[in-house]
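Chemist: Just passing along the structure, written as structure tokens.
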Amino acid sequence: MAVWNVNFGSSLVSSKAQSIYMSDSAQNNFAANNAAGFSSEYAKILAEKISKVETEMQKAKDSLARQQQNSGEQTPTEIETVKKLMPDGTIRIITYEDGKFASEIKKRPHLLAVPDYSAPPTPSGETATKLEPQLSVMELFML
């Protein structure tokens, strides 16, 4: 029994070594010859199943390639959205498709007049004002 296991193991190693150095067509011929050479029904059934699966896979690849050629539409493979909060309070949402610019949305903030005590008063004597952005919770939630 031990001798049979050693021979079986060595035949597996030798067949693996041969398959590494053989081309694809030579490997297919080698597998078919080995399956036919064995008296085992299991080896024959397995070889048939493998060949059926390979042909079905090739048919599926071919039909998928034909569908892509017939559709004519190329859908973007990568869509990236970049959201930025600018110093003036503007929210910019930029969309890139396949690394190329697709669209941009700018949401300007609501500006409020706030007294600016660092600036000199106006000629009429009133306190100077400046506009500051007032971001609502919903605008911040957009980010």
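Ordered as shown in the structure tokens, chains take letters A, B, and onward, while each chain numbers its residues from 1 and ligands are numbered from 1 in the order shown.
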I'd like to know which residues of stretch 31-114 of chain A are helix (DSSP H, G or I) (by DSSP, run on the backbone); could you write them as an mmCIF file with all heavy atoms, in the first residue's frame?

Modeler:
```
data_model
loop_
_atom_site.group_PDB
_atom_site.id
_atom_site.type_symbol
_atom_site.label_atom_id
_atom_site.label_comp_id
_atom_site.auth_asym_id
_atom_site.auth_seq_id
_atom_site.Cartn_x
_atom_site.Cartn_y
_atom_site.Cartn_z
ATOM 1 N N ALA A 31 -3.959 16.239 -21.021
ATOM 2 C CA ALA A 31 -5.054 15.892 -20.120
ATOM 3 C C ALA A 31 -6.019 14.932 -20.792
ATOM 4 O O ALA A 31 -6.494 13.975 -20.179
ATOM 5 C CB ALA A 31 -5.795 17.152 -19.680
ATOM 6 N N ALA A 32 -6.305 15.149 -22.075
ATOM 7 C CA ALA A 32 -7.220 14.258 -22.789
ATOM 8 C C ALA A 32 -6.616 12.869 -22.930
ATOM 9 O O ALA A 32 -7.301 11.859 -22.744
ATOM 10 C CB ALA A 32 -7.545 14.830 -24.164
ATOM 11 N N ASN A 33 -5.313 12.799 -23.239
ATOM 12 C CA ASN A 33 -4.659 11.494 -23.377
ATOM 13 C C ASN A 33 -4.612 10.765 -22.045
ATOM 14 O O ASN A 33 -4.796 9.552 -21.985
ATOM 15 C CB ASN A 33 -3.250 11.649 -23.934
ATOM 16 C CG ASN A 33 -3.267 12.075 -25.382
ATOM 17 O OD1 ASN A 33 -4.269 11.880 -26.070
ATOM 18 N ND2 ASN A 33 -2.180 12.665 -25.846
ATOM 19 N N ASN A 34 -4.330 11.492 -20.963
ATOM 20 C CA ASN A 34 -4.279 10.858 -19.650
ATOM 21 C C ASN A 34 -5.660 10.361 -19.232
ATOM 22 O O ASN A 34 -5.783 9.302 -18.643
ATOM 23 C CB ASN A 34 -3.731 11.810 -18.601
ATOM 24 C CG ASN A 34 -2.218 11.845 -18.617
ATOM 25 O OD1 ASN A 34 -1.589 11.012 -19.256
ATOM 26 N ND2 ASN A 34 -1.646 12.792 -17.916
ATOM 27 N N ALA A 35 -6.700 11.157 -19.521
ATOM 28 C CA ALA A 35 -8.046 10.734 -19.158
ATOM 29 C C ALA A 35 -8.440 9.505 -19.958
ATOM 30 O O ALA A 35 -9.083 8.594 -19.438
ATOM 31 C CB ALA A 35 -9.036 11.860 -19.403
ATOM 32 N N ALA A 36 -8.037 9.442 -21.223
ATOM 33 C CA ALA A 36 -8.366 8.283 -22.041
ATOM 34 C C ALA A 36 -7.508 7.090 -21.650
ATOM 35 O O ALA A 36 -7.932 5.945 -21.758
ATOM 36 C CB ALA A 36 -8.167 8.617 -23.513
ATOM 37 N N GLY A 37 -6.283 7.362 -21.178
ATOM 38 C CA GLY A 37 -5.371 6.287 -20.811
ATOM 39 C C GLY A 37 -5.772 5.589 -19.528
ATOM 40 O O GLY A 37 -5.493 4.413 -19.342
ATOM 41 N N GLU A 41 -13.601 5.286 -14.967
ATOM 42 C CA GLU A 41 -14.760 5.988 -15.531
ATOM 43 C C GLU A 41 -14.821 7.422 -15.002
ATOM 44 O O GLU A 41 -15.250 8.333 -15.698
ATOM 45 C CB GLU A 41 -16.054 5.248 -15.181
ATOM 46 C CG GLU A 41 -16.291 4.010 -15.994
ATOM 47 C CD GLU A 41 -16.525 4.335 -17.463
ATOM 48 O OE1 GLU A 41 -17.265 5.296 -17.765
ATOM 49 O OE2 GLU A 41 -15.947 3.635 -18.305
ATOM 50 N N TYR A 42 -14.390 7.601 -13.767
ATOM 51 C CA TYR A 42 -14.422 8.925 -13.154
ATOM 52 C C TYR A 42 -13.568 9.909 -13.946
ATOM 53 O O TYR A 42 -13.972 11.045 -14.177
ATOM 54 C CB TYR A 42 -13.933 8.848 -11.699
ATOM 55 C CG TYR A 42 -13.855 10.196 -11.039
ATOM 56 C CD1 TYR A 42 -15.002 10.864 -10.639
ATOM 57 C CD2 TYR A 42 -12.627 10.822 -10.837
ATOM 58 C CE1 TYR A 42 -14.943 12.103 -10.041
ATOM 59 C CE2 TYR A 42 -12.555 12.060 -10.244
ATOM 60 C CZ TYR A 42 -13.712 12.702 -9.839
ATOM 61 O OH TYR A 42 -13.631 13.934 -9.259
ATOM 62 N N ALA A 43 -12.384 9.475 -14.372
ATOM 63 C CA ALA A 43 -11.495 10.356 -15.132
ATOM 64 C C ALA A 43 -12.130 10.765 -16.445
ATOM 65 O O ALA A 43 -12.035 11.922 -16.869
ATOM 66 C CB ALA A 43 -10.157 9.667 -15.372
ATOM 67 N N LYS A 44 -12.817 9.836 -17.102
ATOM 68 C CA LYS A 44 -13.470 10.152 -18.368
ATOM 69 C C LYS A 44 -14.620 11.144 -18.163
ATOM 70 O O LYS A 44 -14.769 12.109 -18.916
ATOM 71 C CB LYS A 44 -14.000 8.873 -19.021
ATOM 72 C CG LYS A 44 -12.906 7.933 -19.478
ATOM 73 C CD LYS A 44 -13.492 6.652 -20.014
ATOM 74 C CE LYS A 44 -12.392 5.666 -20.378
ATOM 75 N NZ LYS A 44 -12.916 4.383 -20.816
ATOM 76 N N ILE A 45 -15.422 10.898 -17.136
ATOM 77 C CA ILE A 45 -16.547 11.801 -16.850
ATOM 78 C C ILE A 45 -16.047 13.180 -16.489
ATOM 79 O O ILE A 45 -16.583 14.194 -16.945
ATOM 80 C CB ILE A 45 -17.436 11.213 -15.733
ATOM 81 C CG1 ILE A 45 -18.105 9.922 -16.212
ATOM 82 C CG2 ILE A 45 -18.474 12.224 -15.279
ATOM 83 C CD1 ILE A 45 -18.810 9.151 -15.107
ATOM 84 N N LEU A 46 -14.983 13.222 -15.684
ATOM 85 C CA LEU A 46 -14.420 14.509 -15.282
ATOM 86 C C LEU A 46 -13.892 15.276 -16.485
ATOM 87 O O LEU A 46 -14.121 16.488 -16.610
ATOM 88 C CB LEU A 46 -13.308 14.293 -14.256
ATOM 89 C CG LEU A 46 -12.647 15.552 -13.705
ATOM 90 C CD1 LEU A 46 -13.680 16.392 -12.956
ATOM 91 C CD2 LEU A 46 -11.498 15.198 -12.789
ATOM 92 N N ALA A 47 -13.216 14.608 -17.392
ATOM 93 C CA ALA A 47 -12.697 15.265 -18.594
ATOM 94 C C ALA A 47 -13.836 15.805 -19.450
ATOM 95 O O ALA A 47 -13.747 16.925 -19.994
ATOM 96 C CB ALA A 47 -11.846 14.287 -19.393
ATOM 97 N N GLU A 48 -14.921 15.068 -19.563
ATOM 98 C CA GLU A 48 -16.073 15.536 -20.334
ATOM 99 C C GLU A 48 -16.695 16.769 -19.691
ATOM 100 O O GLU A 48 -17.038 17.735 -20.376
ATOM 101 C CB GLU A 48 -17.115 14.420 -20.438
ATOM 102 C CG GLU A 48 -16.714 13.271 -21.332
ATOM 103 C CD GLU A 48 -17.722 12.123 -21.273
ATOM 104 O OE1 GLU A 48 -18.789 12.299 -20.646
ATOM 105 O OE2 GLU A 48 -17.432 11.082 -21.853
ATOM 106 N N LYS A 49 -16.859 16.737 -18.371
ATOM 107 C CA LYS A 49 -17.456 17.873 -17.664
ATOM 108 C C LYS A 49 -16.587 19.116 -17.800
ATOM 109 O O LYS A 49 -17.088 20.220 -18.013
ATOM 110 C CB LYS A 49 -17.655 17.539 -16.180
ATOM 111 C CG LYS A 49 -18.676 16.478 -15.913
ATOM 112 C CD LYS A 49 -20.058 16.995 -16.170
ATOM 113 C CE LYS A 49 -21.088 15.946 -15.805
ATOM 114 N NZ LYS A 49 -22.438 16.353 -16.098
ATOM 115 N N ILE A 50 -15.281 18.937 -17.676
ATOM 116 C CA ILE A 50 -14.374 20.079 -17.795
ATOM 117 C C ILE A 50 -14.456 20.676 -19.187
ATOM 118 O O ILE A 50 -14.505 21.910 -19.356
ATOM 119 C CB ILE A 50 -12.933 19.657 -17.444
ATOM 120 C CG1 ILE A 50 -12.821 19.386 -15.944
ATOM 121 C CG2 ILE A 50 -11.933 20.726 -17.867
ATOM 122 C CD1 ILE A 50 -11.497 18.811 -15.509
ATOM 123 N N SER A 51 -14.491 19.857 -20.207
ATOM 124 C CA SER A 51 -14.573 20.385 -21.574
ATOM 125 C C SER A 51 -15.896 21.097 -21.810
ATOM 126 O O SER A 51 -15.947 22.133 -22.481
ATOM 127 C CB SER A 51 -14.372 19.268 -22.600
ATOM 128 O OG SER A 51 -15.431 18.336 -22.513
ATOM 129 N N LYS A 52 -17.005 20.565 -21.237
ATOM 130 C CA LYS A 52 -18.299 21.241 -21.373
ATOM 131 C C LYS A 52 -18.279 22.615 -20.708
ATOM 132 O O LYS A 52 -18.774 23.596 -21.270
ATOM 133 C CB LYS A 52 -19.410 20.390 -20.759
ATOM 134 C CG LYS A 52 -19.839 19.227 -21.584
ATOM 135 C CD LYS A 52 -20.965 18.461 -20.910
ATOM 136 C CE LYS A 52 -21.354 17.220 -21.678
ATOM 137 N NZ LYS A 52 -22.419 16.465 -20.980
ATOM 138 N N VAL A 53 -17.712 22.680 -19.515
ATOM 139 C CA VAL A 53 -17.656 23.957 -18.792
ATOM 140 C C VAL A 53 -16.801 24.961 -19.554
ATOM 141 O O VAL A 53 -17.151 26.146 -19.654
ATOM 142 C CB VAL A 53 -17.123 23.738 -17.356
ATOM 143 C CG1 VAL A 53 -16.785 25.050 -16.688
ATOM 144 C CG2 VAL A 53 -18.145 22.962 -16.531
ATOM 145 N N GLU A 54 -15.687 24.507 -20.110
ATOM 146 C CA GLU A 54 -14.820 25.416 -20.870
ATOM 147 C C GLU A 54 -15.528 25.961 -22.108
ATOM 148 O O GLU A 54 -15.417 27.144 -22.416
ATOM 149 C CB GLU A 54 -13.528 24.707 -21.249
ATOM 150 C CG GLU A 54 -12.586 24.505 -20.083
ATOM 151 C CD GLU A 54 -11.348 23.709 -20.455
ATOM 152 O OE1 GLU A 54 -11.320 23.106 -21.547
ATOM 153 O OE2 GLU A 54 -10.415 23.700 -19.646
ATOM 154 N N THR A 55 -16.258 25.105 -22.819
ATOM 155 C CA THR A 55 -16.973 25.582 -24.006
ATOM 156 C C THR A 55 -18.104 26.537 -23.623
ATOM 157 O O THR A 55 -18.319 27.539 -24.308
ATOM 158 C CB THR A 55 -17.537 24.410 -24.822
ATOM 159 O OG1 THR A 55 -18.374 23.604 -23.979
ATOM 160 C CG2 THR A 55 -16.432 23.561 -25.418
ATOM 161 N N GLU A 56 -18.819 26.249 -22.537
ATOM 162 C CA GLU A 56 -19.874 27.160 -22.086
ATOM 163 C C GLU A 56 -19.300 28.512 -21.685
ATOM 164 O O GLU A 56 -19.883 29.561 -21.961
ATOM 165 C CB GLU A 56 -20.649 26.546 -20.921
ATOM 166 C CG GLU A 56 -21.539 25.396 -21.319
ATOM 167 C CD GLU A 56 -22.198 24.728 -20.124
ATOM 168 O OE1 GLU A 56 -22.072 25.258 -19.003
ATOM 169 O OE2 GLU A 56 -22.847 23.690 -20.323
ATOM 170 N N MET A 57 -18.147 28.491 -21.022
ATOM 171 C CA MET A 57 -17.501 29.737 -20.606
ATOM 172 C C MET A 57 -17.073 30.551 -21.825
ATOM 173 O O MET A 57 -17.246 31.769 -21.857
ATOM 174 C CB MET A 57 -16.297 29.426 -19.723
ATOM 175 C CG MET A 57 -15.669 30.643 -19.137
ATOM 176 S SD MET A 57 -16.839 31.473 -18.076
ATOM 177 C CE MET A 57 -15.799 31.935 -16.774
ATOM 178 N N GLN A 58 -16.530 29.888 -22.828
ATOM 179 C CA GLN A 58 -16.124 30.587 -24.051
ATOM 180 C C GLN A 58 -17.331 31.180 -24.770
ATOM 181 O O GLN A 58 -17.278 32.307 -25.256
ATOM 182 C CB GLN A 58 -15.353 29.633 -24.977
ATOM 183 C CG GLN A 58 -14.735 30.310 -26.167
ATOM 184 C CD GLN A 58 -13.706 31.346 -25.758
ATOM 185 O OE1 GLN A 58 -12.995 31.183 -24.790
ATOM 186 N NE2 GLN A 58 -13.649 32.428 -26.506
ATOM 187 N N LYS A 59 -18.447 30.435 -24.819
ATOM 188 C CA LYS A 59 -19.669 30.958 -25.436
ATOM 189 C C LYS A 59 -20.184 32.182 -24.686
ATOM 190 O O LYS A 59 -20.615 33.166 -25.301
ATOM 191 C CB LYS A 59 -20.752 29.878 -25.469
ATOM 192 C CG LYS A 59 -20.520 28.788 -26.472
ATOM 193 C CD LYS A 59 -21.619 27.749 -26.409
ATOM 194 C CE LYS A 59 -21.371 26.586 -27.338
ATOM 195 N NZ LYS A 59 -22.418 25.553 -27.217
ATOM 196 N N ALA A 60 -20.134 32.129 -23.357
ATOM 197 C CA ALA A 60 -20.593 33.264 -22.555
ATOM 198 C C ALA A 60 -19.721 34.488 -22.793
ATOM 199 O O ALA A 60 -20.220 35.610 -22.912
ATOM 200 C CB ALA A 60 -20.605 32.896 -21.075
ATOM 201 N N LYS A 61 -18.405 34.286 -22.894
ATOM 202 C CA LYS A 61 -17.496 35.411 -23.162
ATOM 203 C C LYS A 61 -17.780 36.015 -24.534
ATOM 204 O O LYS A 61 -17.797 37.234 -24.699
ATOM 205 C CB LYS A 61 -16.044 34.945 -23.097
ATOM 206 C CG LYS A 61 -15.525 34.736 -21.711
ATOM 207 C CD LYS A 61 -14.068 34.287 -21.750
ATOM 208 C CE LYS A 61 -13.517 34.010 -20.377
ATOM 209 N NZ LYS A 61 -12.121 33.546 -20.425
ATOM 210 N N ASP A 62 -18.002 35.165 -25.528
ATOM 211 C CA ASP A 62 -18.281 35.646 -26.874
ATOM 212 C C ASP A 62 -19.593 36.426 -26.929
ATOM 213 O O ASP A 62 -19.668 37.491 -27.550
ATOM 214 C CB ASP A 62 -18.341 34.477 -27.867
ATOM 215 C CG ASP A 62 -16.984 33.818 -28.058
ATOM 216 O OD1 ASP A 62 -15.955 34.455 -27.725
ATOM 217 O OD2 ASP A 62 -16.963 32.658 -28.529
ATOM 218 N N SER A 63 -20.633 35.920 -26.267
ATOM 219 C CA SER A 63 -21.925 36.624 -26.287
ATOM 220 C C SER A 63 -21.831 37.952 -25.552
ATOM 221 O O SER A 63 -22.428 38.943 -25.974
ATOM 222 C CB SER A 63 -23.023 35.748 -25.687
ATOM 223 O OG SER A 63 -22.806 35.550 -24.310
ATOM 224 N N LEU A 64 -21.070 37.997 -24.475
ATOM 225 C CA LEU A 64 -20.885 39.259 -23.754
ATOM 226 C C LEU A 64 -20.143 40.272 -24.614
ATOM 227 O O LEU A 64 -20.511 41.451 -24.650
ATOM 228 C CB LEU A 64 -20.136 39.019 -22.446
ATOM 229 C CG LEU A 64 -19.910 40.232 -21.560
ATOM 230 C CD1 LEU A 64 -21.255 40.819 -21.119
ATOM 231 C CD2 LEU A 64 -19.082 39.863 -20.358
ATOM 232 N N ALA A 65 -19.136 39.820 -25.334
ATOM 233 C CA ALA A 65 -18.392 40.722 -26.216
ATOM 234 C C ALA A 65 -19.292 41.248 -27.335
ATOM 235 O O ALA A 65 -19.245 42.434 -27.673
ATOM 236 C CB ALA A 65 -17.183 39.999 -26.806
ATOM 237 N N ARG A 66 -20.158 40.374 -27.886
ATOM 238 C CA ARG A 66 -21.088 40.823 -28.923
ATOM 239 C C ARG A 66 -22.091 41.831 -28.377
ATOM 240 O O ARG A 66 -22.416 42.818 -29.043
ATOM 241 C CB ARG A 66 -21.830 39.618 -29.518
ATOM 242 C CG ARG A 66 -21.073 38.967 -30.656
ATOM 243 C CD ARG A 66 -21.914 37.909 -31.348
ATOM 244 N NE ARG A 66 -21.490 36.609 -30.819
ATOM 245 C CZ ARG A 66 -22.232 35.782 -30.088
ATOM 246 N NH1 ARG A 66 -23.471 36.066 -29.820
ATOM 247 N NH2 ARG A 66 -21.739 34.648 -29.637
ATOM 248 N N GLN A 67 -22.580 41.612 -27.174
ATOM 249 C CA GLN A 67 -23.531 42.552 -26.573
ATOM 250 C C GLN A 67 -22.898 43.912 -26.362
ATOM 251 O O GLN A 67 -23.522 44.944 -26.598
ATOM 252 C CB GLN A 67 -24.042 42.013 -25.242
ATOM 253 C CG GLN A 67 -25.029 40.887 -25.360
ATOM 254 C CD GLN A 67 -25.437 40.345 -23.997
ATOM 255 O OE1 GLN A 67 -24.935 40.782 -22.973
ATOM 256 N NE2 GLN A 67 -26.342 39.387 -24.000
ATOM 257 N N GLN A 68 -21.651 43.932 -25.927
ATOM 258 C CA GLN A 68 -20.974 45.211 -25.716
ATOM 259 C C GLN A 68 -20.740 45.937 -27.037
ATOM 260 O O GLN A 68 -20.834 47.156 -27.117
ATOM 261 C CB GLN A 68 -19.653 44.996 -24.985
ATOM 262 C CG GLN A 68 -19.836 44.650 -23.529
ATOM 263 C CD GLN A 68 -18.518 44.384 -22.825
ATOM 264 O OE1 GLN A 68 -17.479 44.246 -23.464
ATOM 265 N NE2 GLN A 68 -18.570 44.331 -21.512
ATOM 266 N N GLN A 69 -20.436 45.201 -28.089
ATOM 267 C CA GLN A 69 -20.231 45.830 -29.384
ATOM 268 C C GLN A 69 -21.542 46.350 -29.957
ATOM 269 O O GLN A 69 -21.591 47.409 -30.559
ATOM 270 C CB GLN A 69 -19.609 44.837 -30.363
ATOM 271 C CG GLN A 69 -18.169 44.516 -30.077
ATOM 272 C CD GLN A 69 -17.631 43.431 -30.989
ATOM 273 O OE1 GLN A 69 -18.371 42.844 -31.767
ATOM 274 N NE2 GLN A 69 -16.336 43.162 -30.893
ATOM 275 N N ASN A 70 -22.635 45.609 -29.768
ATOM 276 C CA ASN A 70 -23.930 46.002 -30.322
ATOM 277 C C ASN A 70 -24.564 47.155 -29.560
ATOM 278 O O ASN A 70 -25.299 47.945 -30.133
ATOM 279 C CB ASN A 70 -24.894 44.806 -30.331
ATOM 280 C CG ASN A 70 -24.456 43.734 -31.296
ATOM 281 O OD1 ASN A 70 -23.695 44.006 -32.215
ATOM 282 N ND2 ASN A 70 -24.925 42.518 -31.088
ATOM 283 N N SER A 71 -24.290 47.259 -28.278
ATOM 284 C CA SER A 71 -24.948 48.306 -27.492
ATOM 285 C C SER A 71 -24.453 49.694 -27.891
ATOM 286 O O SER A 71 -25.221 50.642 -27.922
ATOM 287 C CB SER A 71 -24.729 48.071 -25.997
ATOM 288 O OG SER A 71 -23.376 48.279 -25.655
#
```

Chemist: Just the residues within 8 Å of stretch 107-122 of chain A, please, counting only C-alpha atoms, with nothing from its chain fewer than 6 positions along; format it as a list in words.

Modeler: Gly89, Thr90, Ile91, Arg92, Ala128, Thr129, Lys130, Leu131, Glu132, Pro133, Gln134 and Leu135 of chain A

Chemist: May I have the selected residues written with C-alpha atoms, as a compact mmCIF listing (two decimals), in the first residue's frame?

Modeler:
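result_21.txt written:
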```
# COMPACT_ATOMS: atom_id res chain seq x y z
CA GLY A 89 -18.44 79.42 2.57
CA THR A 90 -19.32 78.10 -0.89
CA ILE A 91 -19.90 74.37 -1.16
CA ARG A 92 -18.54 72.88 -4.42
CA ALA A 128 -19.02 99.66 8.71
CA THR A 129 -20.53 96.30 7.85
CA LYS A 130 -19.21 93.20 6.17
CA LEU A 131 -20.96 90.15 4.74
CA GLU A 132 -20.28 86.85 6.45
CA PRO A 133 -21.58 83.46 5.40
CA GLN A 134 -24.15 81.81 7.59
CA LEU A 135 -24.18 78.08 6.93
```

Chemist: If I take atom CA of A:Val137 and atom CA of A:Glu104, how far is one from the other in Å, to one decimal?

Modeler: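 The value is 21.7 Å.
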
Chemist: Kindly give the distance, in Å, that separates atom CA of A:Ser136 and atom CA of A:Ser103, rounded to a single decimal.

Modeler: 24.1 Å
